[in-house]
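*Asks:* Take this structure, written in C-alpha cells, and hold onto it; I'll ask about it next.
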Amino acid sequence: MELPPIVWAGHPVLRAVAGEVPRDQIATPQLRALAQTMAEVMRAAPGVGLAAPQIAVPLQLIVLEETEANMELLGPEDRLARGRVPFPLTTIVNPVLRPIGEHRVTFVEGCLSVPGYAAQVERFAEVEVEGLDLSGKPLRWRVSGWPARILQHEVDHLNGVLYIDRMNSRTFMSTGREPDPGEDPLD
Ligand code: ZN
C-alpha cells in the first residue's frame, strides 16, 4: 500500500486545532490502521515522531519511536546531553501534556513538515503526558530528555503550532542534503 504524503508548512491542516478522537472510534480497526500507517510514514521518513495532521488527518493522535539506528550518528556525549534513549513505538490518543517543573533546555530540532531546515528550540526538560492507548486504556508517561522534546513537538502539531513559532529565529538554518549529527530531525 502506498503511504500518504507528509504535508508541508502552508497546508491549512497544520495550522488547525485537531479534533479529539471520539470515544466510539477508539479501539476500532480503523484507528489501529491509521496509527499503523502513521508509524510506517514516520519510519520511512525517517523520523522519531509523527502527528496525524502531518498526513492531513485532523485528529489528536501521535506516534513516536526512537531506535538505535536513528541515533547511529550521535556520539555518546551528544546522546547524554540530549537525553536520547531508545524507546518502543508509542501511540497516544488524545494526549494532554503538562510540564514538570520550570527547567528548560535548548537544542536544534527540525520537522518533516518543514523539510530542509532546523533551528534551536527551547523546550521543557521534563513533561508528563496523559492519554489513551489504542485499546482505550489510560496511558500516563512522565519523561525527560529527547522523548520529552518529541512529545512537546507532536502535541504542538495537534494545536496547529510548528516549531518555527517557538524557535530562536536567528538560529534558523538550512540542513542541506546531508544531515549533520548535530541536527536532529524530529518528525
Ligand atoms: Zn513536526
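Letters A, B, ... mark the chains of the C-alpha cells in the order given; residue numbers begin at 1 per chain; ligand numbers begin at 1, in order shown.
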Residues within 8 Å of ligand 1 should be enumerated using only C-alpha atoms and all ligand atoms and returned as an mmCIF file with C-alpha atoms, in the first residue's frame.
*Replies:*
```cif
data_model
loop_
_atom_site.group_PDB
_atom_site.id
_atom_site.type_symbol
_atom_site.label_atom_id
_atom_site.label_comp_id
_atom_site.auth_asym_id
_atom_site.auth_seq_id
_atom_site.Cartn_x
_atom_site.Cartn_y
_atom_site.Cartn_z
ATOM 1 C CA GLY A 49 7.549 11.123 15.792
ATOM 2 C CA LEU A 50 4.501 11.983 13.714
ATOM 3 C CA ALA A 51 1.194 13.682 14.426
ATOM 4 C CA GLN A 54 1.036 15.731 9.218
ATOM 5 C CA GLY A 110 13.563 20.051 12.768
ATOM 6 C CA CYS A 111 10.229 18.930 11.383
ATOM 7 C CA LEU A 112 9.257 16.676 8.499
ATOM 8 C CA SER A 113 6.617 19.263 7.587
ATOM 9 C CA VAL A 114 9.282 21.983 7.280
ATOM 10 C CA HIS A 153 6.748 18.888 19.318
ATOM 11 C CA GLU A 154 3.985 16.388 18.446
ATOM 12 C CA HIS A 157 1.137 19.808 15.960
ATOM 13 C CA LEU A 162 5.018 24.468 14.428
ATOM 14 C CA TYR A 163 8.497 24.658 15.922
ATOM 15 C CA LEU A 186 12.338 15.223 14.911
ATOM 16 C CA ASP A 187 9.387 14.280 12.849
#
```
*Asks:* Please return as a PyMOL selection string: the residues of segment 31-68 of chain A that backbone DSSP assigns to strand (DSSP E or B).
*Replies:* chain A and resi 49-51+59+61-66
*Asks:* Write out as a PDB file with C-alpha atoms, in the first residue's frame each polymer residue whose atoms come within 8 Å of Arg84 of chain A, counting only C-alpha atoms; drop sequence neighbours fewer than 2 positions from it.
*Replies:*
```
ATOM      1  CA  MET A  71      20.932   7.553  16.872  1.00  0.00           C
ATOM      2  CA  ARG A  79      23.239  11.296  23.386  1.00  0.00           C
ATOM      3  CA  LEU A  80      23.802  12.168  27.007  1.00  0.00           C
ATOM      4  CA  ALA A  81      23.386  15.929  26.517  1.00  0.00           C
ATOM      5  CA  ARG A  82      20.097  15.479  24.634  1.00  0.00           C
ATOM      6  CA  PRO A  86      15.757   4.225  22.500  1.00  0.00           C
ATOM      7  CA  GLY A 145      15.282  14.224  27.694  1.00  0.00           C
ATOM      8  CA  TRP A 146      14.623  13.725  23.993  1.00  0.00           C
ATOM      9  CA  PRO A 147      11.320  11.869  24.352  1.00  0.00           C
TER      10      PRO A 147
END
```
*Asks:* Taking only C-alpha atoms into account, produce a table as JSON lines in which each residue of segment 48-68 of chain A with an atom at most 7 Å from an atom of segment 21-39 of chain A appears once, together with its shortest atom pair and the distance in Å to one decimal, ordered by chain and rising number.
*Replies:*
```
{"residue": "A:Leu50", "atom": "CA", "partner": "A:Met38", "partner_atom": "CA", "distance": 6.6}
{"residue": "A:Leu59", "atom": "CA", "partner": "A:Val21", "partner_atom": "CA", "distance": 6.0}
{"residue": "A:Gln60", "atom": "CA", "partner": "A:Val21", "partner_atom": "CA", "distance": 6.0}
{"residue": "A:Val63", "atom": "CA", "partner": "A:Ala39", "partner_atom": "CA", "distance": 6.3}
```
*Asks:* With only C-alpha atoms as the counted atoms, please give the residues lying no more than 10 Å from Val105 of chain A, apart from itself and same-chain residues fewer than 4 positions off, as a PDB file with N, CA, C and O atoms, in the first residue's frame.
*Replies:*
```pdb
ATOM      1  N   ALA A  81      23.822  14.535  26.405  1.00  0.00           N
ATOM      2  CA  ALA A  81      23.386  15.929  26.517  1.00  0.00           C
ATOM      3  C   ALA A  81      21.907  16.062  26.151  1.00  0.00           C
ATOM      4  O   ALA A  81      21.158  16.795  26.793  1.00  0.00           O
ATOM      5  N   ARG A  82      21.486  15.362  25.112  1.00  0.00           N
ATOM      6  CA  ARG A  82      20.097  15.479  24.634  1.00  0.00           C
ATOM      7  C   ARG A  82      19.145  14.551  25.372  1.00  0.00           C
ATOM      8  O   ARG A  82      17.938  14.665  25.198  1.00  0.00           O
ATOM      9  N   GLN A 120      17.227  26.134  16.738  1.00  0.00           N
ATOM     10  CA  GLN A 120      17.211  25.896  18.172  1.00  0.00           C
ATOM     11  C   GLN A 120      15.825  26.215  18.728  1.00  0.00           C
ATOM     12  O   GLN A 120      15.238  27.248  18.401  1.00  0.00           O
ATOM     13  N   VAL A 121      15.358  25.312  19.567  1.00  0.00           N
ATOM     14  CA  VAL A 121      14.052  25.492  20.202  1.00  0.00           C
ATOM     15  C   VAL A 121      14.195  25.172  21.689  1.00  0.00           C
ATOM     16  O   VAL A 121      14.767  24.147  22.062  1.00  0.00           O
ATOM     17  N   GLU A 122      13.675  26.075  22.513  1.00  0.00           N
ATOM     18  CA  GLU A 122      13.664  25.826  23.954  1.00  0.00           C
ATOM     19  C   GLU A 122      12.426  24.999  24.299  1.00  0.00           C
ATOM     20  O   GLU A 122      11.322  25.310  23.863  1.00  0.00           O
ATOM     21  N   ARG A 123      12.645  23.947  25.064  1.00  0.00           N
ATOM     22  CA  ARG A 123      11.536  23.066  25.467  1.00  0.00           C
ATOM     23  C   ARG A 123      11.663  22.752  26.951  1.00  0.00           C
ATOM     24  O   ARG A 123      12.768  22.790  27.510  1.00  0.00           O
ATOM     25  N   PHE A 124      10.552  22.351  27.547  1.00  0.00           N
ATOM     26  CA  PHE A 124      10.617  21.874  28.927  1.00  0.00           C
ATOM     27  C   PHE A 124      11.461  20.603  28.975  1.00  0.00           C
ATOM     28  O   PHE A 124      11.367  19.746  28.096  1.00  0.00           O
ATOM     29  N   ALA A 125      12.270  20.494  30.021  1.00  0.00           N
ATOM     30  CA  ALA A 125      13.152  19.337  30.156  1.00  0.00           C
ATOM     31  C   ALA A 125      12.386  18.075  30.510  1.00  0.00           C
ATOM     32  O   ALA A 125      12.781  16.972  30.135  1.00  0.00           O
ATOM     33  N   GLU A 126      11.284  18.238  31.244  1.00  0.00           N
ATOM     34  CA  GLU A 126      10.522  17.070  31.690  1.00  0.00           C
ATOM     35  C   GLU A 126       9.029  17.353  31.530  1.00  0.00           C
ATOM     36  O   GLU A 126       8.571  18.469  31.819  1.00  0.00           O
ATOM     37  N   GLY A 145      14.372  14.461  28.808  1.00  0.00           N
ATOM     38  CA  GLY A 145      15.282  14.224  27.694  1.00  0.00           C
ATOM     39  C   GLY A 145      14.578  14.306  26.344  1.00  0.00           C
ATOM     40  O   GLY A 145      13.568  14.994  26.197  1.00  0.00           O
ATOM     41  N   ARG A 149      11.036  16.159  24.480  1.00  0.00           N
ATOM     42  CA  ARG A 149      11.046  17.122  23.373  1.00  0.00           C
ATOM     43  C   ARG A 149      10.128  16.650  22.241  1.00  0.00           C
ATOM     44  O   ARG A 149       9.342  17.420  21.689  1.00  0.00           O
TER      45      ARG A 149
END
```
